[in-house]
Each structure stands twice: as C-alpha cells, then as structure tokens.
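Asks: Below you'll find the structure I mean.
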Amino acid sequence: MTKTLLLMRHGKSSWKEKGLADEKRPLKKRGEEAAAMIGKTLKVNEILPDLILSSPAKRAKNTAEIVAKECDYKHKIEFVDSFYMGEPNAYIARLKEVPAKVKCVLVVGHNPGLEALLQMIDGHVNAMPTGSLAIIKLDLASWDAFSAESGGSVTAFWDPEQKEIKKLKK
C-alpha cells in the first residue's frame, strides 16, 4: 500500500512592511499566483489531498487556502504550530498522527525544514524554491509507520517558474 505526501513551500512573501513580524508577512501577488497554479495543477492531474496541514504563518496559511480553493479541497485545513520554522521532526511527528485511511496529505511549510525532510525521505539534495511542490510516494500501510528512514520516491517536482505550470495560468 502506498501513501502520497505533497510537500509545498509557501509562496513568495512580501517584505513591504519592514516592521512586520515574520509570521505575519503576507504573500506577494507572485506568491498568490504560484499557489493558484499549484492548486490547478493538482486538480488537472487528479492528485487531490485528503488532508492539508499547514504552518500558521500568514504566508503559509494563505498558500494553503489558495491551493485548497483551486483544487476544490472540501475539508478543513489544519494549522500546526510546530510547522512554523519547523525542523523535519516536527513534520514527521504530526504526520505519524494522520489516520491510516488518509491516502494523500499536503504539507505547507518553510525552509530549511522542508528541504531537510525531503532530503531525508528521498536521499537527494533538492532545493525547494518558494511556491514549489514535491510529490512523494511512500511505501506505507499507515502514517504511524512514517519516519525519516521510511524512504520514498519523488514522482514529480513542480516549480511555479516551470513553463508547463504557467500554461495553466489562463
């Protein structure tokens, strides 16, 4: 049995308001557009999450909400405090709590934790630019068996700067 893990780095954020706390920074227009493209790409490719887990930081929250809207996600998005600037263990700990019936989980978070988690799972060093998405197949019967040693394979990597994704912008 396989599970699908979607790791997404939040969209490009704004630095317009200099005194704004980091966790309150909003998305730039480019970040909003990237999130919408990823959501549409998930829908077109029929890779739909059963559960969305996101950092509560404004830029991650907005990214998750836009993706959810564009891929017609009908459930509640769960905001996980430990994902804000979380290390791989924070993501792993929450994923281990996902019910076994859930087949596909989208995690929206931050670097460097997401890149480190991806490297642990895939065994390769992959940069995750803002707004990018890694699709990972895991050989798991249930999420409680998930660990840094679980291993998995990246079946697709989408960066909003790729031409194939930009075509869906229309």
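Residue numbers start at 1 in each chain; chains themselves are named A, B, ... in the order of the structure tokens; ligands are numbered from 1 in the order shown.
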Residues at most 6 Å from segment 74-83 of chain A, counting only C-alpha atoms, excluding those fewer than 3 positions away in the same chain, as a list in words?

Replies: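 With the cut-off at 6 Å, the set is Ile52, Leu53, Ser54, Ser55, Pro56, Gly86 and Ala90 of chain A.
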
Asks: Just the selected residues (N, CA and C atoms), exported as a short mmCIF file (atom, residue, chain, number, x, y, z; two decimals), in the first residue's frame, please.

Replies:
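The result, written out as again20.cif:
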data_model
loop_
_atom_site.label_atom_id
_atom_site.label_comp_id
_atom_site.auth_asym_id
_atom_site.auth_seq_id
_atom_site.Cartn_x
_atom_site.Cartn_y
_atom_site.Cartn_z
N ILE A 52 -5.00 18.63 4.44
CA ILE A 52 -4.00 19.69 4.29
C ILE A 52 -3.56 20.13 5.68
N LEU A 53 -2.25 20.07 5.90
CA LEU A 53 -1.63 20.53 7.14
C LEU A 53 -0.72 21.70 6.79
N SER A 54 -0.84 22.79 7.53
CA SER A 54 -0.06 23.99 7.18
C SER A 54 0.50 24.67 8.42
N SER A 55 1.61 25.33 8.21
CA SER A 55 2.13 26.26 9.20
C SER A 55 1.09 27.37 9.39
N PRO A 56 0.99 27.92 10.60
CA PRO A 56 0.05 29.02 10.81
C PRO A 56 0.58 30.39 10.38
N GLY A 86 9.55 24.87 11.45
CA GLY A 86 9.77 23.53 11.99
C GLY A 86 10.90 22.77 11.32
N ALA A 90 9.40 17.86 13.46
CA ALA A 90 8.07 18.45 13.71
C ALA A 90 7.08 17.95 12.67
#

Asks: As a PyMOL selection string, please: the residues near segment 115-130 of chain A (cut-off 9 Å, only C-alpha atoms, same-chain neighbours under 3 positions excluded).

Replies: chain A and resi 7-13+31+34+87-89+91-92+110-112+133-134+136+138+147-154+159-160

Asks: Hey, can you spit out that residue selection with C-alpha atoms as a PDB file, in the first residue's frame?

Replies:
ATOM      1  CA  LEU A   7       5.477  18.887   0.373  1.00  0.00           C
ATOM      2  CA  MET A   8       4.950  22.519  -0.572  1.00  0.00           C
ATOM      3  CA  ARG A   9       6.946  25.557   0.403  1.00  0.00           C
ATOM      4  CA  HIS A  10       4.811  28.650   0.937  1.00  0.00           C
ATOM      5  CA  GLY A  11       4.551  31.152  -1.899  1.00  0.00           C
ATOM      6  CA  LYS A  12       6.765  34.210  -2.265  1.00  0.00           C
ATOM      7  CA  SER A  13       6.141  36.570   0.630  1.00  0.00           C
ATOM      8  CA  GLY A  31       3.123  34.058  -4.350  1.00  0.00           C
ATOM      9  CA  ALA A  34       2.068  30.420  -7.744  1.00  0.00           C
ATOM     10  CA  GLU A  87      12.555  21.023  11.626  1.00  0.00           C
ATOM     11  CA  PRO A  88      11.925  17.638   9.965  1.00  0.00           C
ATOM     12  CA  ASN A  89      10.978  16.013  13.285  1.00  0.00           C
ATOM     13  CA  TYR A  91       6.642  17.407  10.341  1.00  0.00           C
ATOM     14  CA  ILE A  92       7.278  13.707  11.000  1.00  0.00           C
ATOM     15  CA  HIS A 110       9.038  26.531   5.405  1.00  0.00           C
ATOM     16  CA  ASN A 111      12.687  26.022   4.600  1.00  0.00           C
ATOM     17  CA  PRO A 112      15.098  24.811   5.752  1.00  0.00           C
ATOM     18  CA  LEU A 133       5.775  21.269  -4.639  1.00  0.00           C
ATOM     19  CA  ALA A 134       7.351  17.811  -4.314  1.00  0.00           C
ATOM     20  CA  ILE A 136       6.442  11.771  -2.898  1.00  0.00           C
ATOM     21  CA  LEU A 138       5.750   6.339   0.300  1.00  0.00           C
ATOM     22  CA  SER A 147       9.797   8.080   9.854  1.00  0.00           C
ATOM     23  CA  ALA A 148      12.917   9.734   8.465  1.00  0.00           C
ATOM     24  CA  GLU A 149      14.045   6.255   7.401  1.00  0.00           C
ATOM     25  CA  SER A 150      10.805   5.362   5.604  1.00  0.00           C
ATOM     26  CA  GLY A 151      12.244   6.308   2.260  1.00  0.00           C
ATOM     27  CA  GLY A 152      10.173   7.369  -0.661  1.00  0.00           C
ATOM     28  CA  SER A 153      10.487   8.489  -4.215  1.00  0.00           C
ATOM     29  CA  VAL A 154       9.802  11.902  -5.668  1.00  0.00           C
ATOM     30  CA  ASP A 159       8.154  24.824  -9.514  1.00  0.00           C
ATOM     31  CA  PRO A 160       5.815  27.710 -10.439  1.00  0.00           C
TER      32      PRO A 160
END

Asks: Which residue gives the smallest distance to Asp72 of chain A among A:Tyr84, A:Ala36, A:Val105, A:Pro99, with only C-alpha atoms counted?

Replies: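 Among the listed residues, A:Ala36 lies closest to Asp72 of chain A.
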
Asks: As a list in words, which residues of segment 5-158 of chain A does DSSP assign to strand (DSSP E)?

Replies: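 Residues meeting the strand (DSSP E) criterion: Leu5, Leu6, Leu7, Met8, Arg9, Leu51, Ile52, Leu53, Ser54, Glu78, Phe79, Cys104, Val105, Leu106, Val107, Val108, Gly109, Leu133, Ala134, Ile135, Ile136, Lys137, Leu138, Ser153, Val154, Thr155, Ala156, Phe157 and Trp158 of chain A.
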
Asks: Please produce a file of those selected residues containing C-alpha atoms, as a PDB file, in the first residue's frame.

Replies:
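Generated output (result_33.pdb):
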ATOM      1  CA  LEU A   5       2.993  13.101   0.601  1.00  0.00           C
ATOM      2  CA  LEU A   6       2.855  16.518  -1.026  1.00  0.00           C
ATOM      3  CA  LEU A   7       5.477  18.887   0.373  1.00  0.00           C
ATOM      4  CA  MET A   8       4.950  22.519  -0.572  1.00  0.00           C
ATOM      5  CA  ARG A   9       6.946  25.557   0.403  1.00  0.00           C
ATOM      6  CA  LEU A  51      -5.832  16.355   4.319  1.00  0.00           C
ATOM      7  CA  ILE A  52      -3.997  19.693   4.285  1.00  0.00           C
ATOM      8  CA  LEU A  53      -1.628  20.530   7.143  1.00  0.00           C
ATOM      9  CA  SER A  54      -0.065  23.987   7.183  1.00  0.00           C
ATOM     10  CA  GLU A  78      -5.349  22.138   9.915  1.00  0.00           C
ATOM     11  CA  PHE A  79      -2.818  24.737  11.077  1.00  0.00           C
ATOM     12  CA  CYS A 104      -2.735  11.848   0.353  1.00  0.00           C
ATOM     13  CA  VAL A 105      -1.501  14.661   2.622  1.00  0.00           C
ATOM     14  CA  LEU A 106      -0.416  18.153   1.575  1.00  0.00           C
ATOM     15  CA  VAL A 107       2.032  19.832   3.963  1.00  0.00           C
ATOM     16  CA  VAL A 108       2.648  23.571   3.521  1.00  0.00           C
ATOM     17  CA  GLY A 109       5.674  24.818   5.404  1.00  0.00           C
ATOM     18  CA  LEU A 133       5.775  21.269  -4.639  1.00  0.00           C
ATOM     19  CA  ALA A 134       7.351  17.811  -4.314  1.00  0.00           C
ATOM     20  CA  ILE A 135       5.130  14.763  -4.806  1.00  0.00           C
ATOM     21  CA  ILE A 136       6.442  11.771  -2.898  1.00  0.00           C
ATOM     22  CA  LYS A 137       5.221   8.176  -2.976  1.00  0.00           C
ATOM     23  CA  LEU A 138       5.750   6.339   0.300  1.00  0.00           C
ATOM     24  CA  SER A 153      10.487   8.489  -4.215  1.00  0.00           C
ATOM     25  CA  VAL A 154       9.802  11.902  -5.668  1.00  0.00           C
ATOM     26  CA  THR A 155       7.471  11.236  -8.588  1.00  0.00           C
ATOM     27  CA  ALA A 156       7.120  14.881  -9.615  1.00  0.00           C
ATOM     28  CA  PHE A 157       8.534  18.250  -8.662  1.00  0.00           C
ATOM     29  CA  TRP A 158       6.688  21.379  -9.674  1.00  0.00           C
TER      30      TRP A 158
END

Asks: If I take atom CA of Arg94 of chain A and atom CA of Ala145 of chain A, how far is one from the other in Å, to one decimal?

Replies: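 Atom CA of Ala145 of chain A lies at a distance of 11.9 Å from atom CA of Arg94 of chain A.
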
Asks: Find the residue from A:Lys103, A:Lys29, A:Lys96, A:Lys43 that sits nearest to Lys69 of chain A; use only C-alpha atoms when measuring.

Replies: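 Closest to Lys69 of chain A, using only C-alpha atoms: A:Lys43.
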
Asks: Just asking: which residues within segment 17-47 of chain A are alpha helix (DSSP H) according to DSSP, as a tab-separated table (two decimals) with C-alpha atoms, in the first residue's frame?

Replies:
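And here is the file that came out, states_22.tsv:
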chain	number	residue	atom	x	y	z
A	29	LYS	CA	0.99	38.76	-5.83
A	30	ARG	CA	3.55	36.38	-7.35
A	31	GLY	CA	3.12	34.06	-4.35
A	32	GLU	CA	-0.65	34.10	-4.72
A	33	GLU	CA	-0.36	33.28	-8.43
A	34	ALA	CA	2.07	30.42	-7.74
A	35	ALA	CA	-0.26	28.90	-5.13
A	36	ALA	CA	-3.18	29.12	-7.55
A	37	MET	CA	-1.13	27.44	-10.29
A	38	ILE	CA	-0.13	24.59	-7.99
A	39	GLY	CA	-3.75	24.10	-6.90
A	40	LYS	CA	-4.91	23.99	-10.53
A	41	THR	CA	-2.07	21.62	-11.40
A	42	LEU	CA	-3.11	19.24	-8.61
A	43	LYS	CA	-6.70	19.32	-9.84
A	44	VAL	CA	-5.82	18.76	-13.51

Asks: Between atom CA of Val98 of chain A and atom CA of Asp50 of chain A, measure the distance and give it in Å to one decimal.

Replies: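 Interatomic distance here is 10.4 Å.
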